[in-house]
Each structure stands twice: as C-alpha cells, then as structure tokens.
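Listing of data.txt, compact mmCIF, C-alpha atoms (C1' of nucleotides)
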```txt
# COMPACT_ATOMS: atom_id res chain seq x y z
CA MET A 1 14.45 -15.60 -29.43
CA ALA A 2 11.81 -12.88 -29.13
CA THR A 3 12.77 -9.51 -27.70
CA SER A 4 10.59 -8.12 -24.96
CA ALA A 5 9.35 -5.45 -27.39
CA GLU A 6 8.15 -8.14 -29.76
CA VAL A 7 6.41 -9.99 -26.98
CA ILE A 8 4.56 -6.88 -25.88
CA ARG A 9 3.55 -5.99 -29.42
CA ARG A 10 2.38 -9.49 -30.12
CA LEU A 11 0.11 -9.19 -27.10
CA GLY A 12 -1.45 -6.13 -28.67
CA TYR A 13 0.20 -3.20 -26.91
CA PRO A 14 2.74 -0.62 -28.01
CA ALA A 15 6.25 -1.41 -26.86
CA THR A 16 7.22 1.82 -25.15
CA ARG A 17 10.56 2.60 -23.60
CA GLY A 18 9.17 2.33 -20.06
CA ARG A 19 7.81 -1.16 -20.64
CA GLY A 20 11.06 -2.43 -22.03
CA GLU A 21 13.07 -0.92 -19.21
CA ILE A 22 10.83 -2.38 -16.52
CA LEU A 23 11.23 -5.84 -17.99
CA ARG A 24 14.98 -5.39 -18.29
CA ILE A 25 15.32 -4.05 -14.73
CA LEU A 26 13.28 -6.90 -13.29
CA ALA A 27 15.09 -9.49 -15.38
CA GLU A 28 18.41 -8.24 -14.05
CA SER A 29 17.35 -8.19 -10.42
CA PRO A 30 17.78 -11.30 -8.31
CA LEU A 31 15.15 -9.91 -5.92
CA PRO A 32 11.62 -8.67 -6.39
CA LEU A 33 11.54 -4.87 -6.51
CA SER A 34 9.07 -2.26 -5.37
CA PRO A 35 7.77 0.31 -7.86
CA LYS A 36 9.96 2.91 -6.17
CA GLU A 37 13.06 0.77 -6.52
CA ILE A 38 12.25 0.11 -10.15
CA LEU A 39 11.92 3.82 -10.78
CA GLY A 40 15.24 4.39 -9.04
CA ARG A 41 16.98 2.04 -11.46
CA PHE A 42 15.61 3.72 -14.57
CA PRO A 43 18.23 5.39 -16.71
CA ALA A 44 17.52 9.08 -17.36
CA PRO A 45 15.13 10.43 -18.37
CA LYS A 46 13.16 8.80 -15.56
CA PRO A 47 9.45 8.44 -16.23
CA ASP A 48 6.80 9.61 -13.83
CA ALA A 49 5.92 7.23 -11.01
CA SER A 50 2.40 6.89 -12.36
CA THR A 51 3.80 5.48 -15.58
CA VAL A 52 5.68 2.85 -13.64
CA TYR A 53 2.54 1.88 -11.73
CA ARG A 54 0.45 1.75 -14.88
CA ASN A 55 2.97 -0.36 -16.72
CA LEU A 56 3.44 -2.74 -13.85
CA SER A 57 -0.32 -3.32 -13.82
CA LEU A 58 -0.35 -3.89 -17.53
CA LEU A 59 2.63 -6.22 -17.55
CA ALA A 60 1.15 -8.15 -14.64
CA SER A 61 -2.16 -8.55 -16.46
CA LEU A 62 -0.24 -9.83 -19.48
CA GLY A 63 1.55 -12.31 -17.27
CA LEU A 64 4.99 -10.87 -18.00
CA VAL A 65 5.61 -9.85 -14.40
CA ARG A 66 4.19 -11.11 -11.12
CA SER A 67 3.57 -9.34 -7.88
CA VAL A 68 5.18 -10.72 -4.76
CA ALA A 69 3.69 -10.07 -1.35
CA LEU A 70 6.17 -9.97 1.49
CA HIS A 71 3.95 -8.51 4.21
CA GLU A 72 5.30 -5.07 3.52
CA ARG A 73 3.54 -1.85 2.88
CA SER A 74 4.36 -1.83 -0.78
CA ARG A 75 4.02 -4.56 -3.34
CA ARG A 76 7.05 -5.96 -5.11
CA TYR A 77 7.35 -7.32 -8.60
CA GLU A 78 9.47 -9.95 -10.29
CA ILE A 79 9.90 -11.06 -13.85
CA ALA A 80 7.67 -13.97 -14.82
CA THR A 81 10.12 -16.17 -16.64
CA ASP A 82 8.16 -19.02 -18.15
CA GLY A 83 8.44 -22.26 -16.28
CA VAL A 84 10.74 -20.81 -13.68
CA HIS A 85 9.27 -20.83 -10.29
CA ARG A 86 10.77 -18.94 -7.40
CA HIS A 87 10.24 -18.41 -3.73
CA ARG A 88 11.66 -15.95 -1.27
CA VAL A 89 13.14 -16.05 2.18
CA VAL A 90 12.95 -12.89 4.24
CA CYS A 91 15.12 -12.31 7.30
CA LYS A 92 13.08 -11.15 10.27
CA GLY A 93 16.13 -9.46 11.74
CA CYS A 94 17.45 -7.28 8.96
CA GLY A 95 14.81 -7.60 6.24
CA LYS A 96 17.20 -9.14 3.76
CA ILE A 97 15.43 -10.94 0.95
CA GLU A 98 16.81 -13.95 -0.86
CA SER A 99 15.15 -15.48 -3.84
CA PHE A 100 15.63 -19.11 -4.78
CA GLN A 101 14.45 -21.71 -7.20
CA PRO A 102 13.34 -24.78 -5.31
CA ARG A 103 14.70 -28.14 -6.40
CA ILE A 104 11.25 -29.49 -5.81
CA CYS A 105 8.02 -27.72 -5.15
CA ASP A 106 5.31 -30.29 -5.01
CA LEU A 107 2.18 -28.85 -3.57
CA SER A 108 -0.11 -31.18 -5.45
CA PRO A 109 -1.45 -32.84 -2.28
CA LEU A 110 -2.54 -29.41 -1.07
CA VAL A 111 -3.96 -28.49 -4.43
CA SER A 112 -6.07 -31.68 -4.53
CA ASP A 113 -7.17 -31.03 -1.00
CA ILE A 114 -8.37 -27.56 -2.03
CA ARG A 115 -10.06 -29.03 -5.06
CA SER A 116 -12.05 -31.55 -3.09
CA LYS A 117 -12.85 -29.44 -0.05
CA LEU A 118 -13.48 -26.04 -1.59
CA ASP A 119 -13.94 -26.84 -5.28
CA PHE A 120 -11.48 -24.13 -6.33
CA ASP A 121 -9.33 -24.55 -9.44
CA VAL A 122 -5.90 -23.51 -8.24
CA GLU A 123 -3.81 -21.80 -10.90
CA GLU A 124 -1.01 -20.22 -8.93
CA HIS A 125 0.45 -20.07 -5.51
CA SER A 126 2.69 -17.83 -3.58
CA LEU A 127 5.02 -19.23 -0.96
CA GLU A 128 7.27 -17.13 1.20
CA PHE A 129 9.51 -18.08 4.09
CA PHE A 130 10.48 -15.97 7.06
CA GLY A 131 13.41 -16.69 9.29
CA VAL A 132 16.84 -15.60 10.40
CA CYS A 133 19.79 -15.07 8.09
CA PRO A 134 23.32 -16.24 9.02
CA GLN A 135 24.49 -12.73 9.93
CA CYS A 136 21.56 -12.03 12.22
CA ARG A 137 21.87 -15.46 13.79
CA ARG A 138 25.46 -14.68 14.77
CA ARG A 139 24.41 -11.31 16.11
CA GLU A 140 21.67 -12.96 18.21
CA LYS A 141 24.03 -15.58 19.59
CA GLY A 142 26.54 -12.89 20.51
CA ARG A 143 24.09 -11.31 22.94
CA MET B 1 -8.19 -21.51 30.00
CA ALA B 2 -6.63 -18.06 29.92
CA THR B 3 -8.69 -15.11 28.69
CA SER B 4 -7.13 -12.90 26.08
CA ALA B 5 -6.84 -10.12 28.69
CA GLU B 6 -4.76 -12.42 30.90
CA VAL B 7 -2.55 -13.38 28.01
CA ILE B 8 -1.86 -9.77 27.12
CA ARG B 9 -1.15 -8.82 30.72
CA ARG B 10 1.12 -11.78 31.20
CA LEU B 11 3.11 -10.54 28.22
CA GLY B 12 3.59 -7.25 30.01
CA TYR B 13 1.04 -4.92 28.44
CA PRO B 14 -2.20 -3.41 29.71
CA ALA B 15 -5.27 -5.26 28.47
CA THR B 16 -7.27 -2.44 26.99
CA ARG B 17 -10.70 -2.72 25.45
CA GLY B 18 -9.36 -2.29 21.92
CA ARG B 19 -6.90 -5.14 22.27
CA GLY B 20 -9.51 -7.51 23.55
CA GLU B 21 -11.96 -6.59 20.83
CA ILE B 22 -9.41 -7.04 18.07
CA LEU B 23 -8.60 -10.52 19.28
CA ARG B 24 -12.29 -11.37 19.60
CA ILE B 25 -13.12 -9.99 16.15
CA LEU B 26 -10.28 -11.90 14.52
CA ALA B 27 -11.07 -15.08 16.42
CA GLU B 28 -14.66 -14.92 15.19
CA SER B 29 -13.74 -14.30 11.57
CA PRO B 30 -13.15 -17.23 9.26
CA LEU B 31 -11.18 -14.90 6.98
CA PRO B 32 -8.26 -12.59 7.54
CA LEU B 33 -9.45 -9.00 7.91
CA SER B 34 -8.01 -5.64 6.96
CA PRO B 35 -7.58 -2.94 9.61
CA LYS B 36 -10.53 -1.12 8.10
CA GLU B 37 -12.75 -4.19 8.30
CA ILE B 38 -11.70 -4.76 11.89
CA LEU B 39 -12.60 -1.21 12.75
CA GLY B 40 -15.95 -1.67 11.03
CA ARG B 41 -16.77 -4.61 13.30
CA PHE B 42 -15.98 -2.78 16.50
CA PRO B 43 -18.97 -2.22 18.74
CA ALA B 44 -19.53 1.45 19.63
CA PRO B 45 -17.73 3.46 20.75
CA LYS B 46 -15.35 2.78 17.87
CA PRO B 47 -11.74 3.62 18.53
CA ASP B 48 -9.65 5.78 16.24
CA ALA B 49 -8.10 4.01 13.27
CA SER B 50 -4.63 4.78 14.62
CA THR B 51 -5.43 2.77 17.72
CA VAL B 52 -6.35 -0.21 15.60
CA TYR B 53 -3.11 0.06 13.63
CA ARG B 54 -1.04 0.43 16.77
CA ASN B 55 -2.67 -2.52 18.43
CA LEU B 56 -2.37 -4.72 15.41
CA SER B 57 1.36 -4.00 15.35
CA LEU B 58 1.66 -4.77 19.02
CA LEU B 59 -0.38 -7.96 18.86
CA ALA B 60 1.60 -9.09 15.83
CA SER B 61 4.89 -8.48 17.64
CA LEU B 62 3.57 -10.52 20.56
CA GLY B 63 2.67 -13.31 18.18
CA LEU B 64 -1.04 -13.16 18.99
CA VAL B 65 -2.03 -12.18 15.47
CA ARG B 66 -0.35 -12.70 12.11
CA SER B 67 -0.42 -10.62 9.00
CA VAL B 68 -1.53 -12.24 5.79
CA ALA B 69 -0.42 -10.88 2.44
CA LEU B 70 -2.84 -11.46 -0.40
CA HIS B 71 -1.30 -9.15 -3.00
CA GLU B 72 -3.74 -6.43 -2.08
CA ARG B 73 -3.20 -2.84 -1.25
CA SER B 74 -3.78 -3.38 2.42
CA ARG B 75 -2.52 -6.06 4.75
CA ARG B 76 -4.90 -8.45 6.44
CA TYR B 77 -4.64 -10.03 9.85
CA GLU B 78 -5.73 -13.30 11.35
CA ILE B 79 -5.68 -14.71 14.84
CA ALA B 80 -2.60 -16.77 15.61
CA THR B 81 -4.12 -19.78 17.27
CA ASP B 82 -1.31 -21.91 18.58
CA GLY B 83 -0.55 -24.93 16.54
CA VAL B 84 -3.25 -24.17 14.02
CA HIS B 85 -1.89 -23.48 10.63
CA ARG B 86 -3.99 -22.04 7.86
CA HIS B 87 -3.72 -21.13 4.24
CA ARG B 88 -5.92 -19.14 1.95
CA VAL B 89 -7.33 -19.51 -1.52
CA VAL B 90 -8.25 -16.34 -3.35
CA CYS B 91 -10.54 -16.33 -6.39
CA LYS B 92 -9.07 -14.36 -9.26
CA GLY B 93 -12.52 -13.69 -10.63
CA CYS B 94 -14.46 -12.28 -7.71
CA GLY B 95 -11.84 -11.87 -5.01
CA LYS B 96 -13.53 -14.29 -2.64
CA ILE B 97 -11.20 -15.55 0.05
CA GLU B 98 -11.46 -18.98 1.64
CA SER B 99 -9.33 -20.06 4.53
CA PHE B 100 -8.54 -23.65 5.21
CA GLN B 101 -6.52 -25.86 7.46
CA PRO B 102 -4.47 -28.25 5.37
CA ARG B 103 -4.60 -31.93 6.23
CA ILE B 104 -0.92 -31.99 5.59
CA CYS B 105 1.53 -29.21 5.06
CA ASP B 106 4.94 -30.69 4.78
CA LEU B 107 7.39 -28.18 3.47
CA SER B 108 10.36 -29.72 5.21
CA PRO B 109 12.15 -30.60 1.96
CA LEU B 110 12.00 -26.95 0.99
CA VAL B 111 13.06 -25.82 4.44
CA SER B 112 16.11 -28.11 4.34
CA ASP B 113 16.90 -26.87 0.88
CA ILE B 114 16.86 -23.29 2.16
CA ARG B 115 18.97 -24.31 5.11
CA SER B 116 21.67 -25.85 2.99
CA LYS B 117 21.67 -23.39 0.12
CA LEU B 118 21.14 -20.08 1.91
CA ASP B 119 21.87 -20.95 5.52
CA PHE B 120 18.66 -19.32 6.73
CA ASP B 121 16.80 -20.65 9.78
CA VAL B 122 13.23 -20.75 8.59
CA GLU B 123 10.71 -20.06 11.33
CA GLU B 124 7.52 -19.38 9.43
CA HIS B 125 6.05 -19.51 6.01
CA SER B 126 3.16 -18.04 4.22
CA LEU B 127 1.41 -19.95 1.49
CA GLU B 128 -1.45 -18.59 -0.56
CA PHE B 129 -3.26 -20.04 -3.51
CA PHE B 130 -4.94 -18.19 -6.35
CA GLY B 131 -7.47 -19.70 -8.66
CA VAL B 132 -11.08 -19.77 -9.72
CA CYS B 133 -14.01 -20.43 -7.40
CA PRO B 134 -16.92 -22.67 -8.44
CA GLN B 135 -19.25 -19.73 -9.12
CA CYS B 136 -16.77 -17.92 -11.33
CA ARG B 137 -15.91 -21.14 -13.14
CA ARG B 138 -19.57 -21.58 -14.08
CA ARG B 139 -19.73 -17.96 -15.18
CA GLU B 140 -16.64 -18.44 -17.38
CA LYS B 141 -17.98 -21.62 -18.95
CA GLY B 142 -21.27 -19.93 -19.70
CA ARG B 143 -19.56 -17.47 -22.03
C1' DT C 1 -8.69 4.81 45.92
C1' DT C 2 -4.57 6.89 44.49
C1' DG C 3 -0.54 7.50 41.58
C1' DC C 4 2.24 6.15 37.76
C1' DA C 5 2.94 4.26 33.41
C1' DT C 6 0.82 3.33 29.18
C1' DT C 7 -2.64 4.00 25.80
C1' DT C 8 -6.01 6.62 23.40
C1' DG C 9 -8.09 10.26 20.41
C1' DC C 10 -7.18 13.80 17.54
C1' DA C 11 -4.89 16.27 14.06
C1' DA C 12 -1.17 16.47 11.21
C1' DT C 13 1.88 14.09 8.20
C1' DA C 14 3.87 10.46 5.45
C1' DT C 15 3.73 7.01 1.93
C1' DA C 16 1.57 4.30 -1.77
C1' DA C 17 -1.40 4.10 -5.53
C1' DT C 18 -4.87 5.93 -8.80
C1' DT C 19 -7.05 9.15 -12.04
C1' DG C 20 -8.23 13.03 -15.64
C1' DC C 21 -6.51 15.42 -19.22
C1' DA C 22 -3.59 17.73 -22.62
C1' DA C 23 0.78 16.85 -24.85
C1' DT C 24 3.54 13.23 -26.84
C1' DA C 25 5.19 8.92 -28.68
C1' DA C 26 4.31 4.42 -31.09
C1' DC C 27 2.62 2.12 -34.92
C1' DC C 28 0.41 1.18 -39.45
C1' DG C 29 -0.24 1.91 -44.30
C1' DG C 30 1.47 3.82 -48.16
C1' DC D 1 10.40 7.76 -44.54
C1' DC D 2 5.98 10.32 -43.62
C1' DG D 3 1.65 11.53 -41.89
C1' DG D 4 -2.69 10.06 -39.43
C1' DT D 5 -4.64 7.41 -35.77
C1' DT D 6 -4.50 5.48 -31.30
C1' DA D 7 -2.51 4.56 -27.04
C1' DT D 8 0.73 6.24 -23.61
C1' DT D 9 3.03 9.66 -20.93
C1' DG D 10 3.79 13.55 -17.68
C1' DC D 11 1.79 16.38 -14.54
C1' DA D 12 -1.16 17.67 -10.91
C1' DA D 13 -4.72 16.47 -8.10
C1' DT D 14 -6.92 12.91 -5.44
C1' DT D 15 -7.68 8.81 -2.77
C1' DA D 16 -6.30 5.14 0.25
C1' DT D 17 -3.37 3.43 3.72
C1' DA D 18 -0.41 3.99 7.52
C1' DT D 19 2.36 6.58 11.00
C1' DT D 20 3.44 10.08 14.52
C1' DG D 21 3.37 13.83 18.42
C1' DC D 22 1.08 15.26 22.19
C1' DA D 23 -2.42 16.21 25.76
C1' DA D 24 -6.19 13.81 27.96
C1' DA D 25 -7.94 9.44 29.50
C1' DT D 26 -7.41 4.72 31.02
C1' DG D 27 -5.46 0.47 33.16
C1' DC D 28 -3.66 -1.45 37.05
C1' DA D 29 -0.71 -2.39 41.21
C1' DA D 30 -0.29 -1.17 45.82
```
Starting from the file, give its structure as structure tokens.
Amino acid sequence: MATSAEVIRRLGYPATRGRGEILRILAESPLPLSPKEILGRFPAPKPDASTVYRNLSLLASLGLVRSVALHERSRRYEIATDGVHRHRVVCKGCGKIESFQPRICDLSPLVSDIRSKLDFDVEEHSLEFFGVCPQCRRREKGR
Amino acid sequence: MATSAEVIRRLGYPATRGRGEILRILAESPLPLSPKEILGRFPAPKPDASTVYRNLSLLASLGLVRSVALHERSRRYEIATDGVHRHRVVCKGCGKIESFQPRICDLSPLVSDIRSKLDFDVEEHSLEFFGVCPQCRRREKGR
DNA sequence: TTGCATTTGCAATATAATTGCAATAACCGG
DNA sequence: CCGGTTATTGCAATTATATTGCAAATGCAA
C-alpha cells in the first residue's frame, strides 16, 4: 500500500510535512473540516494559514481531497478515498454535521436527463441533506 | 395571486423596495446569483451592499429565497418558488452554470436510510452536478 | 397625516482567501 | 551522505466577502 507521501511524489510534487499532515488529519476526521479547523489540528509547529490554503488547493486539484459545500461562509474539505462516496446531513437547529456512506446512490436517471437536455458530461455530484437531528427534535417537541 | 409585497407583509415584515427588487431579480434569473450580482442588477438608486446581505438573510429565513452552494467563494441565491425544485450543473472548464428542473428526483431511499441510520428528519436537500459543457468538451477534444 | 417600529446608508470591523518575495526545505544525482 | 536545483514555506500585505452599530430615513397602521 502506497503512503500518502509516495502518492504525492508520484503525481509530481514534493511531499512536504504540511501535505502529509493535511491528508492524515482529513483521513482521521469523520466530518469535512474547514481550513481553520485543519490548522487547529496540526501538531506543532503549526504552518501558516496560507500554506494550508495553498496545499488544500493543490491536493484538491490532484483529486486527493474534495471540497464540500454546506452553505456556510467557509469551504470544508474531506479526504477523497477512491471509490468511497459520502454525503452529509446538517442539522438546521444546532449545525451538527453527520457524514454517511449511502447504501445506494443511484442518480443515473438524473445524469441521463442532464445529458439529453443540456448535453453536459456529468463527472461528479454533490448531495447534501438538511434537517433536524434527534436532540433538536426533542428540544422542539418540548416547547 | 399575491404580490411579493403582500407576502412579505403577511409574514410580518415591512415590504421595502430592496426586498421587492431582490425577489424580482431572483425570479427573473434562470441562474442563482451572488449578492454582488444581485446588487449589480438593482435599478438606481442602488442600495448599500449591507442592505442586500441583510435582506437575503431575512428572505432566506422566511423561506422566500434559498441559498445555493456551488463550491465557490461566495454563496448564491435563488428564488424559492413553491413546489418547484431545481438543481444545477456547473462546467468544470468554464464555470458555466445551468439550472434545471428534474423530471424525477426521488431521493426517498436515501432519506429513509438517513432516517434509520442517523435518526435525522430530512427536510431539504441540495444536489449539484459538476461536469463538462458541450463547448468545453469540443475544446478538449480539439487538443 | 402623524407617530412608532423597522430598515437603510454609512463607516468601521470581522472573517476568509490570495499573493509577492526572501528564506527554507525537498529531492535528485553522484 | 552531500551539494545544487527547484518548489514550498512563512510572513506581511492585500483583496474579497460578510457583519455590525448607530443616526437618519422609510414603511405602515390608525
């Protein structure tokens, strides 16, 4: 099994400490993280924030991480584990985020629809759910 | 049919010029717009940007507009026409955005999955597609 | 038309992301 | 393992996006 350093090098870029740490931090997180959160989890010495931003852009362009848009001010990122596809559920009450791997995620009817109507080749999609978590539901009922 | 001013008033807020214009601008746009683009389409006298931000937040909390996250630096907004459900396709090459109304959008298997695994009540979802538009596909092939 | 509550414009501030440049770290060949 | 080359990093400045306090202006019900 290839280490993340090997993967980065094979793609033609130096495997610096920051790049390895970002991949490790994201791989260990069940939730997508913002650049600030990623920086917060760096072991000392922490790099500059600009380094984190630059590396996230690079890793995203290499397809090793993906950005996740949850209608927030800041972007989040998650590890792009090959073949593993994840979605998120965000609680409208408390903002809690849960990530899950769907048993099934068949959007092919939609993708064909897009193909025939708009002539776009769809390569990726991003699907997020918004709702109420069990805790907030109880709180709402209590009122 | 109720005017947008009536709808806003009925929800308990003064129907100011800015609010009406935002709803009109979004209703006339086939694509979701950023706050800056919305401001750009305002007829003179243009309001301050802060007014646009404040009103977008208010209208979103009232459910009259929805924010759309396309992995960009800024959020976009679209009109929340009752019962009409839309998705977007973004071209990775040129950034072109197309909006479409799916013939079918049945995510109920996923919603039940979320219900049983995470116990969240899902109320909304957000589904975006990323791919290559016909123009960019031709450009790529040409190379 | 008047009075009250809310919103607006303006300026200041906060937060997120990007950039230029000199110092530093990573990598390759020997 | 060592030096030379190249890319990256830290730092500071800058830009873009969004938020806030407050006095003046506006919306609207009576």
Transformed chain A, reference chain B, full Cα set in order, as a compact mmCIF listing (two decimals) with C-alpha atoms, in the frame of the given file:
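Result file is superposed30.txt:
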```
# COMPACT_ATOMS: atom_id res chain seq x y z
CA MET A 1 -8.21 -21.50 30.06
CA ALA A 2 -6.64 -18.04 29.96
CA THR A 3 -8.70 -15.11 28.74
CA SER A 4 -7.15 -12.89 26.11
CA ALA A 5 -6.84 -10.12 28.72
CA GLU A 6 -4.77 -12.40 30.92
CA VAL A 7 -2.56 -13.37 28.03
CA ILE A 8 -1.87 -9.76 27.15
CA ARG A 9 -1.17 -8.81 30.75
CA ARG A 10 1.12 -11.75 31.22
CA LEU A 11 3.11 -10.51 28.24
CA GLY A 12 3.58 -7.21 30.02
CA TYR A 13 1.01 -4.90 28.44
CA PRO A 14 -2.23 -3.40 29.69
CA ALA A 15 -5.29 -5.25 28.47
CA THR A 16 -7.31 -2.43 26.97
CA ARG A 17 -10.74 -2.72 25.45
CA GLY A 18 -9.40 -2.29 21.91
CA ARG A 19 -6.94 -5.15 22.27
CA GLY A 20 -9.55 -7.52 23.56
CA GLU A 21 -12.00 -6.60 20.83
CA ILE A 22 -9.44 -7.05 18.06
CA LEU A 23 -8.63 -10.52 19.30
CA ARG A 24 -12.31 -11.38 19.61
CA ILE A 25 -13.14 -10.01 16.14
CA LEU A 26 -10.28 -11.91 14.53
CA ALA A 27 -11.08 -15.09 16.44
CA GLU A 28 -14.65 -14.94 15.17
CA SER A 29 -13.73 -14.31 11.56
CA PRO A 30 -13.12 -17.24 9.25
CA LEU A 31 -11.15 -14.90 6.97
CA PRO A 32 -8.23 -12.58 7.54
CA LEU A 33 -9.43 -8.99 7.91
CA SER A 34 -8.00 -5.64 6.95
CA PRO A 35 -7.60 -2.94 9.61
CA LYS A 36 -10.56 -1.13 8.08
CA GLU A 37 -12.75 -4.20 8.27
CA ILE A 38 -11.71 -4.78 11.86
CA LEU A 39 -12.64 -1.22 12.73
CA GLY A 40 -15.98 -1.69 11.01
CA ARG A 41 -16.79 -4.64 13.26
CA PHE A 42 -16.02 -2.80 16.48
CA PRO A 43 -19.01 -2.24 18.71
CA ALA A 44 -19.57 1.42 19.60
CA PRO A 45 -17.76 3.43 20.71
CA LYS A 46 -15.40 2.74 17.82
CA PRO A 47 -11.77 3.60 18.48
CA ASP A 48 -9.71 5.75 16.18
CA ALA A 49 -8.13 3.98 13.22
CA SER A 50 -4.68 4.76 14.57
CA THR A 51 -5.47 2.76 17.68
CA VAL A 52 -6.39 -0.22 15.56
CA TYR A 53 -3.14 0.05 13.61
CA ARG A 54 -1.07 0.43 16.76
CA ASN A 55 -2.71 -2.52 18.44
CA LEU A 56 -2.40 -4.73 15.42
CA SER A 57 1.34 -4.01 15.38
CA LEU A 58 1.61 -4.77 19.04
CA LEU A 59 -0.41 -7.97 18.89
CA ALA A 60 1.59 -9.10 15.87
CA SER A 61 4.87 -8.48 17.68
CA LEU A 62 3.54 -10.52 20.60
CA GLY A 63 2.65 -13.31 18.22
CA LEU A 64 -1.07 -13.16 19.02
CA VAL A 65 -2.05 -12.18 15.49
CA ARG A 66 -0.34 -12.68 12.15
CA SER A 67 -0.40 -10.60 9.03
CA VAL A 68 -1.50 -12.24 5.82
CA ALA A 69 -0.37 -10.91 2.47
CA LEU A 70 -2.79 -11.47 -0.37
CA HIS A 71 -1.23 -9.18 -2.98
CA GLU A 72 -3.65 -6.45 -2.08
CA ARG A 73 -3.06 -2.87 -1.22
CA SER A 74 -3.78 -3.36 2.43
CA ARG A 75 -2.50 -5.97 4.81
CA ARG A 76 -4.86 -8.42 6.47
CA TYR A 77 -4.63 -10.02 9.86
CA GLU A 78 -5.72 -13.31 11.36
CA ILE A 79 -5.69 -14.72 14.84
CA ALA A 80 -2.60 -16.77 15.63
CA THR A 81 -4.14 -19.77 17.29
CA ASP A 82 -1.31 -21.89 18.62
CA GLY A 83 -0.52 -24.91 16.55
CA VAL A 84 -3.21 -24.16 14.03
CA HIS A 85 -1.88 -23.47 10.66
CA ARG A 86 -3.97 -22.01 7.89
CA HIS A 87 -3.71 -21.10 4.26
CA ARG A 88 -5.91 -19.11 1.96
CA VAL A 89 -7.32 -19.48 -1.50
CA VAL A 90 -8.24 -16.32 -3.35
CA CYS A 91 -10.52 -16.31 -6.38
CA LYS A 92 -9.04 -14.35 -9.25
CA GLY A 93 -12.50 -13.69 -10.63
CA CYS A 94 -14.43 -12.26 -7.72
CA GLY A 95 -11.80 -11.85 -5.01
CA LYS A 96 -13.49 -14.25 -2.65
CA ILE A 97 -11.18 -15.53 0.04
CA GLU A 98 -11.44 -18.94 1.65
CA SER A 99 -9.31 -20.01 4.53
CA PHE A 100 -8.53 -23.64 5.23
CA GLN A 101 -6.51 -25.84 7.48
CA PRO A 102 -4.46 -28.23 5.41
CA ARG A 103 -4.60 -31.91 6.27
CA ILE A 104 -0.91 -31.99 5.61
CA CYS A 105 1.53 -29.20 5.09
CA ASP A 106 4.94 -30.69 4.80
CA LEU A 107 7.39 -28.20 3.48
CA SER A 108 10.36 -29.74 5.21
CA PRO A 109 12.12 -30.64 1.95
CA LEU A 110 11.98 -26.98 0.97
CA VAL A 111 13.06 -25.85 4.40
CA SER A 112 16.12 -28.15 4.30
CA ASP A 113 16.88 -26.94 0.83
CA ILE A 114 16.87 -23.34 2.09
CA ARG A 115 19.00 -24.35 5.03
CA SER A 116 21.69 -25.92 2.91
CA LYS A 117 21.68 -23.48 0.02
CA LEU A 118 21.16 -20.17 1.78
CA ASP A 119 21.92 -21.00 5.41
CA PHE A 120 18.71 -19.35 6.62
CA ASP A 121 16.88 -20.66 9.68
CA VAL A 122 13.28 -20.76 8.53
CA GLU A 123 10.78 -20.02 11.29
CA GLU A 124 7.58 -19.35 9.40
CA HIS A 125 6.10 -19.49 5.99
CA SER A 126 3.21 -18.01 4.20
CA LEU A 127 1.44 -19.94 1.48
CA GLU A 128 -1.42 -18.59 -0.56
CA PHE A 129 -3.25 -20.05 -3.52
CA PHE A 130 -4.92 -18.21 -6.35
CA GLY A 131 -7.48 -19.73 -8.64
CA VAL A 132 -11.09 -19.78 -9.70
CA CYS A 133 -14.01 -20.42 -7.38
CA PRO A 134 -16.96 -22.65 -8.40
CA GLN A 135 -19.25 -19.69 -9.09
CA CYS A 136 -16.76 -17.90 -11.31
CA ARG A 137 -15.93 -21.13 -13.10
CA ARG A 138 -19.59 -21.54 -14.05
CA ARG A 139 -19.75 -17.93 -15.16
CA GLU A 140 -16.65 -18.43 -17.35
CA LYS A 141 -18.01 -21.60 -18.91
CA GLY A 142 -21.30 -19.86 -19.67
CA ARG A 143 -19.56 -17.40 -21.98
```
- Task: Could you list the residues in chain A lying within 7 Å of chain B, using only C-alpha atoms, and format the result as a ChimeraX atom specification?
- Result: /A:67-71,102,110,119-134
From the list C:DG20, C:DA14, C:DA25, C:DT6, the nearest residue to Ala15 in chain A using only C-alpha atoms (C1' of nucleotides) is C:DA25
Pull the neighbourhood of (-1.7, 4.9, -3.3) for me: all residues within 6 Å in file coordinates, counting all atoms listed in the file, as a list in words.
->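 Looking at atoms near the point gives DA16 and DA17 of chain C; DA16 of chain D.
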If you keep C-alpha atoms (C1' of nucleotides), can you produce a file of those selected residues as an mmCIF file, keeping the file's coordinate frame?
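Below is the file part08.cif, written as the result:
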```
data_model
loop_
_atom_site.group_PDB
_atom_site.id
_atom_site.type_symbol
_atom_site.label_atom_id
_atom_site.label_comp_id
_atom_site.auth_asym_id
_atom_site.auth_seq_id
_atom_site.Cartn_x
_atom_site.Cartn_y
_atom_site.Cartn_z
ATOM 1 C "C1'" DA C 16 1.570 4.300 -1.770
ATOM 2 C "C1'" DA C 17 -1.400 4.100 -5.530
ATOM 3 C "C1'" DA D 16 -6.300 5.140 0.250
#
```
Residues of chain D within 10 Å of chain B, counting only C-alpha atoms (C1' of nucleotides) - could you list those as a ChimeraX atom specification? /D:16-20,26-28
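With distances taken from (11.0, -5.7, -7.3) and restricted to all atoms listed in the file, the residues inside 6 Å are Pro32, Leu33, Ser34, Arg76, Tyr77 and Glu78 of chain A.
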Item to check | Separation of C1' of DT7 in chain C from CA of Leu31 in chain B, in Å and rounded to one decimal | outcome: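 Separation between C1' of DT7 in chain C and CA of Leu31 in chain B: 28.0 Å.
Take the candidates B:Asn55, B:Ser112, B:Thr81, B:Ser61 and check each one against chain C using all atoms listed in the file; the shortest distance goes to B:Asn55.
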Find the residues of chain B in contact range of chain C, meaning any atom within 8 Å when counting only C-alpha atoms (C1' of nucleotides), and list them as a VMD selection string. chain B and resid 14 47 to 48 51
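The interatomic distance for the pair CA of Ser116 in chain A and CA of Lys96 in chain B works out to 17.3 Å.
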